[in-house]
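The structure file target_3.pdb is reproduced below (PDB, C-alpha atoms).
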```pdb
ATOM      1  CA  GLU A 268       0.000   0.000   0.000  1.00  0.00           C
ATOM      2  CA  TYR A 269       1.012   3.580  -0.701  1.00  0.00           C
ATOM      3  CA  PRO A 270      -0.501   6.337   1.502  1.00  0.00           C
ATOM      4  CA  PHE A 271      -1.288   9.849   0.277  1.00  0.00           C
ATOM      5  CA  TYR A 272      -3.707  12.554   1.308  1.00  0.00           C
ATOM      6  CA  PHE A 273      -6.451  14.802  -0.033  1.00  0.00           C
ATOM      7  CA  ILE A 274      -7.881  17.982   1.454  1.00  0.00           C
ATOM      8  CA  LYS A 275     -11.651  18.048   1.601  1.00  0.00           C
ATOM      9  CA  LEU A 276     -13.797  21.120   2.266  1.00  0.00           C
ATOM     10  CA  GLY A 277     -17.407  20.053   2.632  1.00  0.00           C
ATOM     11  CA  GLU A 278     -18.047  17.993  -0.502  1.00  0.00           C
ATOM     12  CA  LEU A 279     -15.191  19.601  -2.445  1.00  0.00           C
ATOM     13  CA  TYR A 280     -11.608  18.391  -2.968  1.00  0.00           C
ATOM     14  CA  TYR A 281      -8.516  20.595  -3.117  1.00  0.00           C
ATOM     15  CA  VAL A 282      -6.816  20.903  -6.514  1.00  0.00           C
ATOM     16  CA  TYR A 283      -4.593  24.016  -6.462  1.00  0.00           C
ATOM     17  CA  HIS A 284      -3.656  27.230  -4.678  1.00  0.00           C
ATOM     18  CA  SER A 285      -1.754  30.425  -5.340  1.00  0.00           C
ATOM     19  CA  TYR A 286      -0.606  33.480  -3.417  1.00  0.00           C
ATOM     20  CA  LYS A 287      -0.643  37.138  -4.483  1.00  0.00           C
ATOM     21  CA  ASN A 288       0.099  40.441  -2.807  1.00  0.00           C
ATOM     22  CA  VAL A 289      -2.708  42.942  -3.318  1.00  0.00           C
ATOM     23  CA  LYS A 290      -2.435  46.390  -1.732  1.00  0.00           C
ATOM     24  CA  LYS A 291       0.110  45.171   0.819  1.00  0.00           C
ATOM     25  CA  LYS A 292      -2.065  42.212   1.851  1.00  0.00           C
ATOM     26  CA  GLU A 293      -1.475  38.593   0.997  1.00  0.00           C
ATOM     27  CA  VAL A 294      -4.343  36.929  -0.863  1.00  0.00           C
ATOM     28  CA  SER A 295      -4.458  33.146  -0.978  1.00  0.00           C
ATOM     29  CA  SER A 296      -6.614  31.489  -3.619  1.00  0.00           C
ATOM     30  CA  TYR A 297      -7.617  27.839  -3.127  1.00  0.00           C
ATOM     31  CA  GLU A 298      -9.324  25.909  -5.910  1.00  0.00           C
ATOM     32  CA  PHE A 299     -11.591  22.913  -5.335  1.00  0.00           C
ATOM     33  CA  THR A 300     -13.578  20.419  -7.392  1.00  0.00           C
ATOM     34  CA  ASN A 301     -16.412  18.062  -6.468  1.00  0.00           C
ATOM     35  CA  ASP A 302     -14.684  15.149  -8.257  1.00  0.00           C
ATOM     36  CA  GLU A 303     -12.365  13.129  -5.984  1.00  0.00           C
ATOM     37  CA  SER A 304     -10.667  11.557  -9.011  1.00  0.00           C
ATOM     38  CA  LEU A 305      -9.238  15.021  -9.857  1.00  0.00           C
ATOM     39  CA  ALA A 306      -8.019  15.927  -6.351  1.00  0.00           C
ATOM     40  CA  PHE A 307      -4.356  16.732  -5.802  1.00  0.00           C
ATOM     41  CA  PRO A 308      -2.531  13.883  -3.973  1.00  0.00           C
ATOM     42  CA  ILE A 309      -0.169  15.279  -1.315  1.00  0.00           C
ATOM     43  CA  ASP A 310       2.082  14.152   1.523  1.00  0.00           C
ATOM     44  CA  GLU A 311       1.000  14.214   5.169  1.00  0.00           C
ATOM     45  CA  GLU A 312       2.908  17.327   6.261  1.00  0.00           C
ATOM     46  CA  SER A 313       1.673  19.388   3.302  1.00  0.00           C
ATOM     47  CA  ALA A 314      -1.866  18.133   3.947  1.00  0.00           C
ATOM     48  CA  LYS A 315      -1.730  19.367   7.559  1.00  0.00           C
ATOM     49  CA  GLN A 316      -0.502  22.794   6.471  1.00  0.00           C
ATOM     50  CA  LEU A 317      -3.106  23.166   3.706  1.00  0.00           C
ATOM     51  CA  ALA A 318      -5.932  21.979   5.952  1.00  0.00           C
ATOM     52  CA  ASP A 319      -4.957  24.626   8.510  1.00  0.00           C
ATOM     53  CA  GLU A 320      -4.751  27.339   5.840  1.00  0.00           C
ATOM     54  CA  CYS A 321      -8.038  26.685   4.059  1.00  0.00           C
ATOM     55  CA  GLY A 322     -10.101  25.138   6.849  1.00  0.00           C
ATOM     56  CA  GLY A 323     -10.414  21.754   5.165  1.00  0.00           C
ATOM     57  CA  ARG A 324     -10.019  18.292   6.614  1.00  0.00           C
ATOM     58  CA  ILE A 325      -7.477  15.634   5.711  1.00  0.00           C
ATOM     59  CA  VAL A 326      -8.559  12.442   3.944  1.00  0.00           C
ATOM     60  CA  LEU A 327      -6.097   9.518   3.948  1.00  0.00           C
ATOM     61  CA  LYS A 328      -5.989   7.261   0.891  1.00  0.00           C
ATOM     62  CA  ASN A 329      -4.125   3.952   0.968  1.00  0.00           C
ATOM     63  CA  THR A 330      -3.602   2.604  -2.516  1.00  0.00           C
ATOM     64  CA  THR A 331      -0.910   1.234  -4.804  1.00  0.00           C
ATOM     65  CA  PHE A 332       1.928   3.365  -6.132  1.00  0.00           C
ATOM     66  CA  ASN A 333       0.486   2.969  -9.645  1.00  0.00           C
ATOM     67  CA  ASP A 334      -2.878   4.331  -8.443  1.00  0.00           C
ATOM     68  CA  TYR A 335      -1.040   7.272  -6.863  1.00  0.00           C
ATOM     69  CA  ILE A 336       0.669   7.987 -10.213  1.00  0.00           C
ATOM     70  CA  SER A 337      -2.688   7.725 -12.024  1.00  0.00           C
ATOM     71  CA  GLN A 338      -4.234  10.178  -9.551  1.00  0.00           C
ATOM     72  CA  GLY A 339      -1.436  12.657 -10.251  1.00  0.00           C
ATOM     73  CA  GLU A 340      -1.854  12.255 -14.008  1.00  0.00           C
ATOM     74  CA  ARG A 341      -5.632  12.864 -13.828  1.00  0.00           C
ATOM     75  CA  TRP A 342      -4.990  15.956 -11.669  1.00  0.00           C
ATOM     76  CA  SER A 343      -2.345  17.266 -14.093  1.00  0.00           C
ATOM     77  CA  HIS A 344      -4.643  16.808 -17.099  1.00  0.00           C
ATOM     78  CA  PHE A 345      -7.452  18.580 -15.232  1.00  0.00           C
ATOM     79  CA  ILE A 346      -5.215  21.553 -14.335  1.00  0.00           C
ATOM     80  CA  ASP A 347      -3.990  21.827 -17.925  1.00  0.00           C
ATOM     81  CA  SER A 348      -7.503  21.727 -19.408  1.00  0.00           C
ATOM     82  CA  LYS A 349      -9.324  24.891 -20.417  1.00  0.00           C
ATOM     83  CA  LYS A 350     -12.681  23.653 -19.134  1.00  0.00           C
ATOM     84  CA  LYS A 351     -12.125  23.736 -15.381  1.00  0.00           C
ATOM     85  CA  ASN A 352     -15.157  23.167 -13.162  1.00  0.00           C
ATOM     86  CA  ILE A 353     -13.692  24.615  -9.982  1.00  0.00           C
ATOM     87  CA  TRP A 354     -14.640  26.697  -6.978  1.00  0.00           C
ATOM     88  CA  ARG A 355     -12.227  29.344  -5.655  1.00  0.00           C
ATOM     89  CA  ILE A 356     -11.930  30.380  -2.034  1.00  0.00           C
ATOM     90  CA  TYR A 357      -9.963  33.549  -1.234  1.00  0.00           C
ATOM     91  CA  ILE A 358      -8.342  34.220   2.121  1.00  0.00           C
ATOM     92  CA  ILE A 359      -6.958  37.700   2.761  1.00  0.00           C
ATOM     93  CA  THR A 360      -4.440  38.213   5.549  1.00  0.00           C
TER      94      THR A 360
END
```
What do you get writing this file as structure tokens?
Amino acid sequence: EYPFYFIKLGELYYVYHSYKNVKKKEVSSYEFTNDESLAFPIDEESAKQLADECGGRIVLKNTTFNDYISQGERWSHFIDSKKKNIWRIYIIT
């Protein structure tokens, strides 16, 4: 088995985030999808940090290494596509 983690916010799964400085404030943008098969697979420490930042919860997945690679490939294809079905959450600090 190969463990990895997802971040879940309600019924949505974390796929991407970015940071920007706007008028001397940091703005964090977190993107989510309702399709678990497109969620970003991450390590435990990164999952804890992201869950704290965006208010999500950590979901552990135990699978094979090949399934982990497939998850990453589906995520990458989703991010590269022009037809994203995502929700953005902004946090201003």
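If all atoms listed in the file are the atoms counted, then among A:Glu268, A:Glu278, A:Ser295, A:Ile325 the closest residue to Ser313 (chain A) is A:Ile325.
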List every residue of region 287-309 of chain A that has an atom at most 8 Å from any atom of region 341-347 of chain A, giving for each one its closest atom pair and the distance in Å to one decimal, counting only C-alpha atoms, sorted by chain and then by ascending residue number, as JSON lines.
```
{"residue": "A:Ser304", "atom": "CA", "partner": "A:Arg341", "partner_atom": "CA", "distance": 7.1}
{"residue": "A:Leu305", "atom": "CA", "partner": "A:Trp342", "partner_atom": "CA", "distance": 4.7}
{"residue": "A:Ala306", "atom": "CA", "partner": "A:Trp342", "partner_atom": "CA", "distance": 6.1}
{"residue": "A:Phe307", "atom": "CA", "partner": "A:Trp342", "partner_atom": "CA", "distance": 6.0}
```
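Between CA of Gln338 (chain A) and CA of Leu276 (chain A) there is a distance of 18.7 Å.
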Take every atom of region 291-309 of chain A listed in the file, fit an axis-aligned box around them, add 5 Å per side, and give the centre and edge lengths in Å to one decimal as lines of an AutoDock Vina configuration file.
```
center_x = -8.2
center_y = 28.4
center_z = -4.0
size_x = 26.5
size_y = 43.6
size_z = 21.7
```
Could you list as a PDB file with C-alpha atoms, keeping the file's coordinate frame every residue that has an atom within 12 Å of (-2.6, 26.0, 5.7), using the file's coordinates and counting all atoms listed in the file?
```pdb
ATOM      1  CA  ILE A 274      -7.881  17.982   1.454  1.00  0.00           C
ATOM      2  CA  TYR A 281      -8.516  20.595  -3.117  1.00  0.00           C
ATOM      3  CA  HIS A 284      -3.656  27.230  -4.678  1.00  0.00           C
ATOM      4  CA  SER A 285      -1.754  30.425  -5.340  1.00  0.00           C
ATOM      5  CA  TYR A 286      -0.606  33.480  -3.417  1.00  0.00           C
ATOM      6  CA  SER A 295      -4.458  33.146  -0.978  1.00  0.00           C
ATOM      7  CA  SER A 296      -6.614  31.489  -3.619  1.00  0.00           C
ATOM      8  CA  TYR A 297      -7.617  27.839  -3.127  1.00  0.00           C
ATOM      9  CA  GLU A 312       2.908  17.327   6.261  1.00  0.00           C
ATOM     10  CA  SER A 313       1.673  19.388   3.302  1.00  0.00           C
ATOM     11  CA  ALA A 314      -1.866  18.133   3.947  1.00  0.00           C
ATOM     12  CA  LYS A 315      -1.730  19.367   7.559  1.00  0.00           C
ATOM     13  CA  GLN A 316      -0.502  22.794   6.471  1.00  0.00           C
ATOM     14  CA  LEU A 317      -3.106  23.166   3.706  1.00  0.00           C
ATOM     15  CA  ALA A 318      -5.932  21.979   5.952  1.00  0.00           C
ATOM     16  CA  ASP A 319      -4.957  24.626   8.510  1.00  0.00           C
ATOM     17  CA  GLU A 320      -4.751  27.339   5.840  1.00  0.00           C
ATOM     18  CA  CYS A 321      -8.038  26.685   4.059  1.00  0.00           C
ATOM     19  CA  GLY A 322     -10.101  25.138   6.849  1.00  0.00           C
ATOM     20  CA  GLY A 323     -10.414  21.754   5.165  1.00  0.00           C
ATOM     21  CA  ARG A 324     -10.019  18.292   6.614  1.00  0.00           C
ATOM     22  CA  ILE A 325      -7.477  15.634   5.711  1.00  0.00           C
ATOM     23  CA  ILE A 358      -8.342  34.220   2.121  1.00  0.00           C
TER      24      ILE A 358
END
```
Of the candidates A:Pro308, A:Tyr272, A:Tyr283, A:Lys290, which shows the shortest atom-to-atom distance to Leu327 (chain A), using all atoms listed in the file?
A:Tyr272
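Between Lys328 (chain A) and the residues A:Thr300, A:Val282, A:Ile309, A:Asn288, the shortest atom-to-atom distance, using all atoms listed in the file, involves A:Ile309.
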Applying 7 Å and all atoms listed in the file, which residues near Thr330 (chain A) remain after dropping the ones on its own chain fewer than 5 positions away? List them as a list in words.
Glu268, Tyr269, Pro270 and Tyr335 of chain A
Interatomic distance (Å, one decimal) between CA of Gly339 (chain A) and CA of Lys287 (chain A):
25.2 Å
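In this model, the gap between CA of Glu311 (chain A) and CA of Phe271 (chain A) comes to 6.9 Å.
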Since the input is missing atoms for region 314-325 of chain A, could you rebuild it with all heavy atoms and give the result as a compact mmCIF listing (two decimals), in the frame of the given file?
```txt
# COMPACT_ATOMS: atom_id res chain seq x y z
N ALA A 314 -0.43 18.23 3.70
CA ALA A 314 -1.87 18.13 3.95
C ALA A 314 -2.24 18.86 5.24
O ALA A 314 -3.24 19.60 5.27
CB ALA A 314 -2.30 16.67 4.02
N LYS A 315 -1.45 18.68 6.29
CA LYS A 315 -1.73 19.37 7.56
C LYS A 315 -1.67 20.88 7.39
O LYS A 315 -2.53 21.60 7.88
CB LYS A 315 -0.74 18.91 8.64
CG LYS A 315 -0.98 17.50 9.11
CD LYS A 315 0.07 17.08 10.11
CE LYS A 315 -0.12 15.63 10.53
NZ LYS A 315 0.91 15.17 11.46
N GLN A 316 -0.66 21.36 6.68
CA GLN A 316 -0.50 22.79 6.47
C GLN A 316 -1.66 23.36 5.65
O GLN A 316 -2.25 24.37 6.00
CB GLN A 316 0.82 23.09 5.77
CG GLN A 316 1.05 24.57 5.53
CD GLN A 316 2.37 24.85 4.83
OE1 GLN A 316 3.19 23.97 4.65
NE2 GLN A 316 2.55 26.07 4.42
N LEU A 317 -2.01 22.69 4.55
CA LEU A 317 -3.11 23.17 3.71
C LEU A 317 -4.45 23.13 4.43
O LEU A 317 -5.26 24.04 4.29
CB LEU A 317 -3.19 22.34 2.43
CG LEU A 317 -2.21 22.73 1.34
CD1 LEU A 317 -2.16 21.67 0.25
CD2 LEU A 317 -2.57 24.09 0.76
N ALA A 318 -4.68 22.08 5.20
CA ALA A 318 -5.93 21.98 5.95
C ALA A 318 -6.05 23.14 6.93
O ALA A 318 -7.13 23.72 7.09
CB ALA A 318 -6.01 20.64 6.68
N ASP A 319 -4.95 23.49 7.59
CA ASP A 319 -4.96 24.63 8.51
C ASP A 319 -5.22 25.93 7.77
O ASP A 319 -5.97 26.78 8.25
CB ASP A 319 -3.62 24.73 9.26
CG ASP A 319 -3.46 23.68 10.33
OD1 ASP A 319 -4.47 23.04 10.72
OD2 ASP A 319 -2.31 23.48 10.79
N GLU A 320 -4.62 26.10 6.60
CA GLU A 320 -4.75 27.34 5.84
C GLU A 320 -6.16 27.56 5.29
O GLU A 320 -6.68 28.65 5.34
CB GLU A 320 -3.76 27.36 4.67
CG GLU A 320 -2.33 27.53 5.09
CD GLU A 320 -1.37 27.45 3.92
OE1 GLU A 320 -1.81 27.40 2.75
OE2 GLU A 320 -0.16 27.40 4.17
N CYS A 321 -6.75 26.51 4.74
CA CYS A 321 -8.04 26.68 4.06
C CYS A 321 -9.24 26.19 4.86
O CYS A 321 -10.37 26.33 4.40
CB CYS A 321 -8.01 26.03 2.68
SG CYS A 321 -7.98 24.23 2.69
N GLY A 322 -9.00 25.60 6.02
CA GLY A 322 -10.10 25.14 6.85
C GLY A 322 -10.66 23.79 6.44
O GLY A 322 -11.73 23.41 6.89
N GLY A 323 -9.95 23.07 5.61
CA GLY A 323 -10.41 21.75 5.16
C GLY A 323 -10.01 20.65 6.13
O GLY A 323 -9.35 20.89 7.14
N ARG A 324 -10.42 19.45 5.81
CA ARG A 324 -10.02 18.29 6.61
C ARG A 324 -9.20 17.35 5.75
O ARG A 324 -9.30 17.35 4.52
CB ARG A 324 -11.21 17.59 7.24
CG ARG A 324 -12.15 16.93 6.28
CD ARG A 324 -13.33 16.29 7.03
NE ARG A 324 -14.27 15.73 6.11
CZ ARG A 324 -14.20 14.51 5.60
NH1 ARG A 324 -13.23 13.70 5.94
NH2 ARG A 324 -15.12 14.08 4.76
N ILE A 325 -8.39 16.54 6.40
CA ILE A 325 -7.48 15.63 5.71
C ILE A 325 -8.16 14.29 5.49
O ILE A 325 -8.78 13.74 6.41
CB ILE A 325 -6.19 15.45 6.53
CG1 ILE A 325 -5.48 16.79 6.69
CG2 ILE A 325 -5.28 14.41 5.89
CD1 ILE A 325 -4.35 16.76 7.70
```
